[in-house]
Amino acid sequence: MNVNVPNGGALSNAAQPMEWPDGELTRIPFWIYQAPDIYALEQKRVYEGPVWNYLCLEAEVAKPGDYRTTFVGSMPVVVARDFDEEIYAFENRCAHRGALIALDSGGKARDFTCVYHAWNYDLKGNLRTVAFEEGVNDKGGMAKTFCRSDHGPRKLRIATFAGLVFGSLSDDVPPIEEYLGEEIAAKIRRVLCKPVVVTGRFTQSLNNNWKLYFENVKDTYHASLLHTFFTTFRINRLSQKGGMIVSPSGGNHASFSYTDTKPADHDYAALGLRSDNEDFALKDTSLLNSVDEFGDGCNMQILTVFPGLVVQQIQNALAIRQILPKGQFHTALNWTTIGFADDTPDMKTARLRQGNLAGPAGYVSMEDGAVGGFVQRGVATAGDERAVVEMGGSGTTNDGTRATEASVRGFWKCYRAHMAI
Amino acid sequence: MSEITLDRIVAVQAAYIRCIDGNALEDWPEFFADDCLYKVTTAENHKNGFEAGIIYADSKGMLEDRILALRQANIYEKQSYRHILGLPVIVSNGGGEAECETPFLVVRIMHDGQTDVFATGVYIDTFRAQGNQLKFASRLVVCDSSRIDTLMAIPL
């Protein structure tokens with residue numbers, strides 16, 4: 001389809017149609033990161049379309065009355081566990097005038113009352129009472145024909161998988177396991193294998209379109225080139241084996257690496273650190289004291305689920321990242337760092353130390369917070385130009401190497417199918 | 001054991017921000033005891049008892065490693081901070097240690113001149129007297145906001 005987007009950099013305000021360029025998935029037109037029409041269309045066709053949006057962890061709404069507020073794209077959403085023990089999610093929008101129903105990031109509630117005119121909702125998002133519905137002193141009030149059950153915020157379908165809570169506004173979305181794909185589902189279960197606890201939450205504001213960050217996470221090509229922490233410190237990660245899988249839809253992926261020789265727990269630093277150059281040796285190698293906690297020698301697994309979830313295992317640093325669009329040129333990256341409920345004190349400490357590897361100040365990831373902005377600024381007037389995504393060919397399947405952009409192409413395959421562009 | 005006075009605390013605080021804002025980051029770990037805890041977190045995480053930090057170091061060596069990484073490995077646009085401190089409150093004092101809280105405001109200046117409030121919050125400190133010197137046994141940097149713009153390269 002043609003989408004009206006402003007001609008990047010041109011002085012004319014006249015919109016002109018733009019089409020996806022030839023080259024299928026190996027050429028990405030830069031207007032896709034800029035156009036307001038695209039942003040509006042993404043809300044309808046991606047976020048409110050047949051996708052599963054990550055909402056929160058089950059652990060964050062563990063008990064009846066627990067709730068969290070979040071977003072599906074730009075749509076504000078309440079996620080709550082009702083007293084029937086089920087999880088519900090609904091648009092955070094009062095049916096009356098549209099005000100937010102819940103104002104904070106979460107907490108405990110028996111019900112919700114809009115502050116504007118006190119319309120009241122249960123934890124399922126049903127409109128329960130309307131203030132002065134019968135009027136006051138037989139005057140005013142709602143029309144007799146008004147039926148509360150005809151009014152309410154939009155409700156989401158809910159799916160839970162391995163402690164992750166997903167929501168969808170579509171009746172056509174496939175069941176969650178089918179949506180994830182068999183291999184990706186197994187890789188999620190591998191990490192989220194037992195009850196988790198939240199150890200921290202923070203938001204990284206990225207000054208770029210959300211797709212640039214999602215591509216970055218899927219991009220196995222850049223990892224050792226942009227992130228030089230491990231190579232600078234000559235930390236031989238013993239990770240000769242590795243791989244990458246892309247779901248049939250293209251939208252989900254997992255990249256992973258294995259330690260070739262399985263070091264005994266806590267010996268990782270001794271084995272892995274080459275300290276022949278004292279100028280580039282870590283003073284405190286406890287950062288690298290990782291434990292093979294899943295028992296398979298896989299020391300890193302980065303996994304994405306379309307359109308905005310990342311499940312991170314970097315050694316023992318575990319985190320859930322939620323990618324939310326905030327206008328065409330800004331993205332909120334919501335980090336939830338986690339551990340397991342049965343972590344020993346030593347394991348807790350190891351996770352805290354290894355937390356330095358990821359996040360806004362992460363040794364091996366801080367660059368990702370900036371590089372999307374470098375692209376966004378670089379392409380400021382290049383809406384008609386295109387990116388070249390041809391490393392490893394033009395396909396979207398695993399080709400046994402991480403020197404490939406197959407999973408980035410997979411993203412575009414999935415994205416274009418949803419967007420019909 | 002020398003007494004920990006407000007004068008000495010203020011002098012250390014002033015020297016600390018001068019060190020960071022003046023880009024003398026190699027000197028920054030020297031403000032800490034060997035077995036220190038330095039953590040950057042948020043008010044919400046602090047209130048909820050969530051232990052993870054944006055930066056977490058439980059030894060002076062880890063602080064030295066962070067500066068080495070910033071200088072040698074990590075890639076970020078040239079930037080600097082300007083710390084403005086509020087007045088310190090001594091919460092407790094005795095036995096060679098003093099607990100102190102000091103509000104801060106940090107402005108980040110990018111290489112192109114863009115200047116924005118990067119962080120506000122409170123330093124929750126435990127100072128320890130080591131001979132004539134006062135070191136941070138613990139410095140908890142509790143940011144008021146949970147939102148960090150782009151990345152946090154330079155420590156707070």
# chains A, B, ... in the order shown; residues from 1 in each chain; ligands from 1
>>> interface_residues(of="chain A", to="chain B", cutoff="8 Å", atoms="only C-alpha atoms", output="ChimeraX atom specification")
/A:198-207,226-229,232,280,282-284,337,352-353,355-356,359-364,366-367,369-370
>>> residues_around(residues="Gln114 in chain B", least_positions_apart="5", cutoff="10 Å", atoms="only C-alpha atoms", output="list in words")
Gln79, Arg108 and Ile109 of chain B
>>> atom_distance(atom1="CA of Ile176 in chain A", atom2="CA of Asn209 in chain A")
26.4 Å
>>> closest_residue(among="B:Leu25, B:Val106, B:Cys100, B:Tyr123", to="Arg8 in chain B", atoms="only C-alpha atoms")
B:Cys100
>>> residues_around(residues="range 320-331 of chain A", least_positions_apart="6", cutoff="9 Å", atoms="only C-alpha atoms", output="VMD selection string")
chain A and resid 33 to 36 38 to 39 54 to 57 71 to 74 204 to 211 213 to 214 307 to 312 337 to 338 373 376
>>> write_last_selection(atoms="N, CA and C atoms", output="compact mmCIF listing (two decimals), in the first residue's frame")
# COMPACT_ATOMS: atom_id res chain seq x y z
N TYR A 33 11.14 5.16 9.90
CA TYR A 33 11.46 5.59 11.28
C TYR A 33 10.99 7.02 11.56
N GLN A 34 10.34 7.64 10.57
CA GLN A 34 10.08 9.08 10.70
C GLN A 34 8.62 9.47 10.52
N ALA A 35 7.91 8.71 9.69
CA ALA A 35 6.63 9.20 9.22
C ALA A 35 5.54 9.13 10.29
N PRO A 36 4.82 10.24 10.51
CA PRO A 36 3.72 10.21 11.47
C PRO A 36 2.60 9.26 11.06
N ILE A 38 2.95 6.44 9.61
CA ILE A 38 3.40 5.10 9.98
C ILE A 38 3.16 4.88 11.46
N TYR A 39 3.49 5.87 12.26
CA TYR A 39 3.32 5.74 13.71
C TYR A 39 1.86 5.47 14.06
N TYR A 54 3.59 -7.84 25.46
CA TYR A 54 4.01 -8.12 26.84
C TYR A 54 3.46 -7.02 27.76
N LEU A 55 2.85 -7.41 28.86
CA LEU A 55 2.26 -6.44 29.77
C LEU A 55 3.03 -6.34 31.09
N CYS A 56 3.29 -7.47 31.72
CA CYS A 56 4.00 -7.47 32.99
C CYS A 56 4.33 -8.91 33.35
N LEU A 57 4.93 -9.09 34.50
CA LEU A 57 5.19 -10.43 35.01
C LEU A 57 4.02 -10.88 35.88
N PHE A 71 1.44 -0.11 28.93
CA PHE A 71 0.96 0.38 27.64
C PHE A 71 0.97 -0.74 26.61
N VAL A 72 0.01 -0.65 25.69
CA VAL A 72 0.04 -1.44 24.47
C VAL A 72 0.28 -0.44 23.35
N GLY A 73 1.51 -0.34 22.91
CA GLY A 73 1.87 0.77 22.02
C GLY A 73 1.69 2.06 22.78
N SER A 74 0.77 2.91 22.30
CA SER A 74 0.48 4.17 23.00
C SER A 74 -0.74 4.06 23.91
N GLN A 204 14.78 3.39 30.49
CA GLN A 204 15.79 4.08 29.71
C GLN A 204 15.07 4.78 28.57
N SER A 205 15.22 6.10 28.49
CA SER A 205 14.58 6.87 27.41
C SER A 205 15.51 6.90 26.21
N LEU A 206 15.04 6.35 25.12
CA LEU A 206 15.86 6.30 23.92
C LEU A 206 15.37 7.36 22.94
N ASN A 207 16.28 8.07 22.37
CA ASN A 207 15.90 9.14 21.45
C ASN A 207 15.89 8.63 20.01
N ASN A 208 15.10 7.61 19.82
CA ASN A 208 14.96 7.04 18.49
C ASN A 208 13.65 6.29 18.39
N ASN A 209 13.25 6.03 17.16
CA ASN A 209 12.06 5.24 16.88
C ASN A 209 12.21 3.85 17.48
N TRP A 210 11.10 3.29 17.97
CA TRP A 210 11.16 2.00 18.67
C TRP A 210 11.76 0.89 17.82
N LYS A 211 11.54 0.96 16.50
CA LYS A 211 12.01 -0.12 15.65
C LYS A 211 13.52 -0.19 15.59
N TYR A 213 15.53 0.30 18.05
CA TYR A 213 16.00 -0.48 19.21
C TYR A 213 15.68 -1.96 19.04
N PHE A 214 14.49 -2.26 18.54
CA PHE A 214 14.13 -3.67 18.39
C PHE A 214 15.06 -4.36 17.40
N PRO A 307 5.74 -7.53 19.39
CA PRO A 307 6.44 -6.36 18.90
C PRO A 307 7.32 -5.65 19.93
N GLY A 308 7.50 -6.18 21.13
CA GLY A 308 8.25 -5.34 22.06
C GLY A 308 8.76 -5.99 23.31
N LEU A 309 9.14 -7.26 23.26
CA LEU A 309 9.64 -7.92 24.47
C LEU A 309 11.04 -8.46 24.23
N VAL A 310 11.89 -8.28 25.24
CA VAL A 310 13.21 -8.90 25.23
C VAL A 310 13.36 -9.68 26.53
N VAL A 311 13.76 -10.94 26.43
CA VAL A 311 14.10 -11.73 27.61
C VAL A 311 15.62 -11.91 27.58
N GLN A 312 16.26 -11.41 28.61
CA GLN A 312 17.72 -11.35 28.63
C GLN A 312 18.32 -12.30 29.66
N THR A 337 14.59 -6.06 36.21
CA THR A 337 15.61 -7.06 36.52
C THR A 337 15.01 -8.08 37.47
N ILE A 338 15.38 -9.33 37.26
CA ILE A 338 14.77 -10.40 38.05
C ILE A 338 15.82 -11.38 38.57
N GLY A 373 19.82 6.52 18.40
CA GLY A 373 19.79 7.97 18.23
C GLY A 373 20.77 8.43 17.15
N GLN A 376 18.90 7.77 14.04
CA GLN A 376 17.79 8.71 13.88
C GLN A 376 18.30 10.09 13.45
>>> select_by_dssp(residues="chain B", states="helix (DSSP H, G or I)", output="JSON, numbers by chain")
{"B": [6, 7, 8, 9, 10, 11, 12, 13, 14, 15, 16, 17, 18, 19, 20, 21, 25, 26, 27, 28, 29, 30, 31, 43, 44, 45, 46, 47, 48, 60, 61, 62, 63, 64, 65, 66, 67, 68, 69, 70, 71, 72]}
>>> atom_distance(atom1="CA of Gly141 in chain A", atom2="CA of Val78 in chain A")
28.3 Å
>>> residues_around(residues="Tyr116 in chain A", least_positions_apart="5", cutoff="10 Å", atoms="only C-alpha atoms", output="MDAnalysis selection string")
chainID A and resid 94 96:101
>>> write_last_selection(atoms="C-alpha atoms", output="short mmCIF file (atom, residue, chain, number, x, y, z; two decimals), in the first residue's frame")
data_model
loop_
_atom_site.label_atom_id
_atom_site.label_comp_id
_atom_site.auth_asym_id
_atom_site.auth_seq_id
_atom_site.Cartn_x
_atom_site.Cartn_y
_atom_site.Cartn_z
CA CYS A 94 -12.82 5.94 31.65
CA HIS A 96 -17.31 8.60 30.48
CA ARG A 97 -14.90 11.33 29.39
CA GLY A 98 -11.81 9.29 28.68
CA ALA A 99 -9.67 10.16 31.68
CA LEU A 100 -7.14 7.69 33.02
CA ILE A 101 -8.76 5.30 35.48
#
>>> residues_around(residues="Gly251 in chain A", least_positions_apart="5", cutoff="6 Å", atoms="only C-alpha atoms", output="list in words")
Phe306, Gly410, Phe411 and Cys414 of chain A
>>> select_by_dssp(residues="range 140-321 of chain A", states="strand (DSSP E)", output="ChimeraX atom specification")
/A:155-161,164-168,196-206,241-246,253-258,298-305,309-314,317-321
>>> write_last_selection(atoms="N, CA and C atoms", output="short mmCIF file (atom, residue, chain, number, x, y, z; two decimals), in the first residue's frame")
data_model
loop_
_atom_site.label_atom_id
_atom_site.label_comp_id
_atom_site.auth_asym_id
_atom_site.auth_seq_id
_atom_site.Cartn_x
_atom_site.Cartn_y
_atom_site.Cartn_z
N LYS A 155 -11.37 -4.13 26.45
CA LYS A 155 -10.76 -5.21 27.22
C LYS A 155 -9.77 -5.99 26.36
N LEU A 156 -8.74 -6.48 26.99
CA LEU A 156 -7.73 -7.27 26.28
C LEU A 156 -7.91 -8.75 26.58
N ARG A 157 -7.57 -9.55 25.60
CA ARG A 157 -7.42 -10.97 25.88
C ARG A 157 -6.08 -11.16 26.59
N ILE A 158 -6.03 -12.13 27.45
CA ILE A 158 -4.81 -12.37 28.24
C ILE A 158 -4.26 -13.75 27.93
N ALA A 159 -2.96 -13.83 27.83
CA ALA A 159 -2.28 -15.13 27.78
C ALA A 159 -1.09 -15.05 28.72
N THR A 160 -0.86 -16.11 29.45
CA THR A 160 0.35 -16.14 30.27
C THR A 160 1.23 -17.28 29.76
N PHE A 161 2.53 -17.03 29.84
CA PHE A 161 3.48 -18.05 29.41
C PHE A 161 4.75 -17.90 30.24
N LEU A 164 5.17 -14.78 32.14
CA LEU A 164 5.00 -13.53 31.41
C LEU A 164 3.51 -13.34 31.12
N VAL A 165 3.03 -12.11 31.27
CA VAL A 165 1.63 -11.81 30.97
C VAL A 165 1.57 -11.02 29.66
N PHE A 166 0.82 -11.55 28.73
CA PHE A 166 0.64 -10.90 27.43
C PHE A 166 -0.82 -10.50 27.27
N GLY A 167 -1.05 -9.44 26.49
CA GLY A 167 -2.40 -8.99 26.19
C GLY A 167 -2.56 -8.75 24.71
N SER A 168 -3.79 -8.95 24.24
CA SER A 168 -4.07 -8.71 22.83
C SER A 168 -5.46 -8.10 22.67
N VAL A 196 9.91 -16.24 39.73
CA VAL A 196 10.87 -15.14 39.72
C VAL A 196 10.49 -14.08 40.76
N VAL A 197 11.48 -13.28 41.13
CA VAL A 197 11.24 -12.11 41.96
C VAL A 197 11.82 -10.90 41.23
N VAL A 198 11.14 -9.78 41.36
CA VAL A 198 11.63 -8.53 40.77
C VAL A 198 12.71 -7.98 41.68
N THR A 199 13.84 -7.58 41.08
CA THR A 199 14.92 -6.97 41.88
C THR A 199 15.14 -5.51 41.53
N GLY A 200 14.48 -5.02 40.49
CA GLY A 200 14.63 -3.61 40.16
C GLY A 200 13.83 -3.27 38.91
N ARG A 201 13.44 -1.99 38.82
CA ARG A 201 12.75 -1.52 37.61
C ARG A 201 13.32 -0.15 37.26
N PHE A 202 13.67 0.04 36.03
CA PHE A 202 14.01 1.39 35.60
C PHE A 202 13.73 1.55 34.13
N THR A 203 13.64 2.78 33.71
CA THR A 203 13.28 3.11 32.34
C THR A 203 14.42 3.85 31.68
N GLN A 204 14.78 3.39 30.49
CA GLN A 204 15.79 4.08 29.71
C GLN A 204 15.07 4.78 28.57
N SER A 205 15.22 6.10 28.49
CA SER A 205 14.58 6.87 27.41
C SER A 205 15.51 6.90 26.21
N LEU A 206 15.04 6.35 25.12
CA LEU A 206 15.86 6.30 23.92
C LEU A 206 15.37 7.36 22.94
N LYS A 241 30.92 -21.80 20.46
CA LYS A 241 29.65 -22.30 19.95
C LYS A 241 28.55 -21.27 20.22
N GLY A 242 27.70 -21.15 19.26
CA GLY A 242 26.59 -20.24 19.46
C GLY A 242 25.64 -20.40 18.30
N GLY A 243 24.62 -19.64 18.33
CA GLY A 243 23.70 -19.74 17.22
C GLY A 243 22.58 -18.75 17.34
N MET A 244 21.66 -18.86 16.44
CA MET A 244 20.55 -17.92 16.41
C MET A 244 19.38 -18.61 15.73
N ILE A 245 18.21 -18.41 16.30
CA ILE A 245 17.02 -18.96 15.66
C ILE A 245 16.00 -17.84 15.48
N VAL A 246 15.24 -17.95 14.42
CA VAL A 246 14.19 -16.98 14.13
C VAL A 246 12.89 -17.78 14.00
N HIS A 253 12.99 -14.03 17.96
CA HIS A 253 14.30 -14.62 17.72
C HIS A 253 14.98 -14.93 19.04
N ALA A 254 15.98 -15.76 18.98
CA ALA A 254 16.87 -15.98 20.12
C ALA A 254 18.28 -16.16 19.59
N SER A 255 19.22 -15.43 20.19
CA SER A 255 20.62 -15.68 19.89
C SER A 255 21.28 -16.15 21.17
N PHE A 256 22.27 -17.02 21.03
CA PHE A 256 22.81 -17.65 22.24
C PHE A 256 24.24 -18.09 21.99
N SER A 257 24.98 -18.20 23.07
CA SER A 257 26.34 -18.71 22.98
C SER A 257 26.59 -19.67 24.13
N TYR A 258 27.47 -20.60 23.88
CA TYR A 258 27.79 -21.63 24.87
C TYR A 258 29.25 -21.53 25.26
N CYS A 298 25.07 -22.64 28.44
CA CYS A 298 24.72 -21.46 27.65
C CYS A 298 24.89 -20.23 28.53
N ASN A 299 25.86 -19.39 28.19
CA ASN A 299 26.15 -18.25 29.07
C ASN A 299 25.45 -16.97 28.64
N MET A 300 24.85 -16.99 27.47
CA MET A 300 24.14 -15.80 27.03
C MET A 300 23.00 -16.17 26.11
N GLN A 301 21.86 -15.60 26.38
CA GLN A 301 20.72 -15.80 25.48
C GLN A 301 19.91 -14.52 25.43
N ILE A 302 19.83 -13.94 24.26
CA ILE A 302 19.02 -12.74 24.06
C ILE A 302 17.86 -13.14 23.16
N LEU A 303 16.66 -12.88 23.64
CA LEU A 303 15.46 -13.37 22.95
C LEU A 303 14.48 -12.23 22.78
N THR A 304 13.85 -12.16 21.61
CA THR A 304 12.85 -11.12 21.39
C THR A 304 11.52 -11.74 20.97
N VAL A 305 10.44 -11.06 21.36
CA VAL A 305 9.10 -11.42 20.91
C VAL A 305 8.44 -10.17 20.35
N LEU A 309 9.14 -7.26 23.26
CA LEU A 309 9.64 -7.92 24.47
C LEU A 309 11.04 -8.46 24.23
N VAL A 310 11.89 -8.28 25.24
CA VAL A 310 13.21 -8.90 25.23
C VAL A 310 13.36 -9.68 26.53
N VAL A 311 13.76 -10.94 26.43
CA VAL A 311 14.10 -11.73 27.61
C VAL A 311 15.62 -11.91 27.58
N GLN A 312 16.26 -11.41 28.61
CA GLN A 312 17.72 -11.35 28.63
C GLN A 312 18.32 -12.30 29.66
N GLN A 313 19.27 -13.11 29.21
CA GLN A 313 20.17 -13.82 30.11
C GLN A 313 21.58 -13.51 29.66
N ILE A 314 22.27 -12.66 30.41
CA ILE A 314 23.70 -12.44 30.16
C ILE A 314 24.40 -13.01 31.38
N ALA A 317 22.83 -12.40 34.79
CA ALA A 317 22.05 -11.17 34.79
C ALA A 317 20.79 -11.40 33.96
N LEU A 318 19.66 -11.49 34.65
CA LEU A 318 18.39 -11.78 33.98
C LEU A 318 17.54 -10.51 33.99
N ALA A 319 16.91 -10.23 32.88
CA ALA A 319 16.05 -9.05 32.82
C ALA A 319 15.00 -9.23 31.74
N ILE A 320 13.88 -8.57 31.97
CA ILE A 320 12.83 -8.45 30.98
C ILE A 320 12.87 -7.00 30.51
N ARG A 321 12.90 -6.80 29.22
CA ARG A 321 12.86 -5.44 28.68
C ARG A 321 11.59 -5.29 27.85
#
>>> residues_around(residues="Pro174 in chain A", least_positions_apart="2", cutoff="9 Å", atoms="only C-alpha atoms", output="number ranges by chain")
A: 50-52, 171-172, 176-179
>>> decode(residues="range 336-375 of chain A", atoms="C-alpha atoms", output="mmCIF file, in the first residue's frame")
data_model
loop_
_atom_site.group_PDB
_atom_site.id
_atom_site.type_symbol
_atom_site.label_atom_id
_atom_site.label_comp_id
_atom_site.auth_asym_id
_atom_site.auth_seq_id
_atom_site.Cartn_x
_atom_site.Cartn_y
_atom_site.Cartn_z
ATOM 1 C CA THR A 336 12.666 -5.249 34.998
ATOM 2 C CA THR A 337 15.610 -7.056 36.523
ATOM 3 C CA ILE A 338 14.771 -10.397 38.049
ATOM 4 C CA GLY A 339 16.144 -13.258 40.085
ATOM 5 C CA PHE A 340 14.557 -16.439 41.319
ATOM 6 C CA ALA A 341 12.620 -16.842 44.524
ATOM 7 C CA ASP A 342 15.021 -19.597 45.619
ATOM 8 C CA ASP A 343 18.256 -17.663 44.963
ATOM 9 C CA THR A 344 20.930 -18.172 47.602
ATOM 10 C CA PRO A 345 22.593 -15.073 49.078
ATOM 11 C CA ASP A 346 25.644 -15.780 46.896
ATOM 12 C CA MET A 347 23.481 -15.985 43.815
ATOM 13 C CA LYS A 348 21.740 -12.724 44.698
ATOM 14 C CA THR A 349 25.114 -11.024 45.013
ATOM 15 C CA ALA A 350 26.320 -12.517 41.726
ATOM 16 C CA ARG A 351 23.238 -11.139 39.962
ATOM 17 C CA LEU A 352 23.732 -7.688 41.492
ATOM 18 C CA ARG A 353 27.355 -7.606 40.313
ATOM 19 C CA GLN A 354 26.573 -8.939 36.868
ATOM 20 C CA GLY A 355 23.822 -6.361 36.605
ATOM 21 C CA ASN A 356 26.666 -4.027 35.630
ATOM 22 C CA LEU A 357 26.843 -5.812 32.291
ATOM 23 C CA ALA A 358 23.408 -4.661 31.127
ATOM 24 C CA GLY A 359 21.106 -1.694 31.559
ATOM 25 C CA PRO A 360 21.562 2.037 30.963
ATOM 26 C CA ALA A 361 25.068 1.842 32.453
ATOM 27 C CA GLY A 362 25.774 -1.708 31.264
ATOM 28 C CA TYR A 363 29.310 -2.516 30.201
ATOM 29 C CA VAL A 364 28.098 -4.537 27.237
ATOM 30 C CA SER A 365 24.912 -2.674 26.454
ATOM 31 C CA MET A 366 25.119 1.030 27.246
ATOM 32 C CA GLU A 367 25.978 1.772 23.628
ATOM 33 C CA ASP A 368 22.619 0.374 22.546
ATOM 34 C CA GLY A 369 20.941 3.278 24.333
ATOM 35 C CA ALA A 370 22.713 5.735 22.082
ATOM 36 C CA VAL A 371 23.226 4.031 18.748
ATOM 37 C CA GLY A 372 19.563 4.230 17.708
ATOM 38 C CA GLY A 373 19.792 7.972 18.225
ATOM 39 C CA PHE A 374 22.876 8.075 16.026
ATOM 40 C CA VAL A 375 20.807 6.490 13.244
#
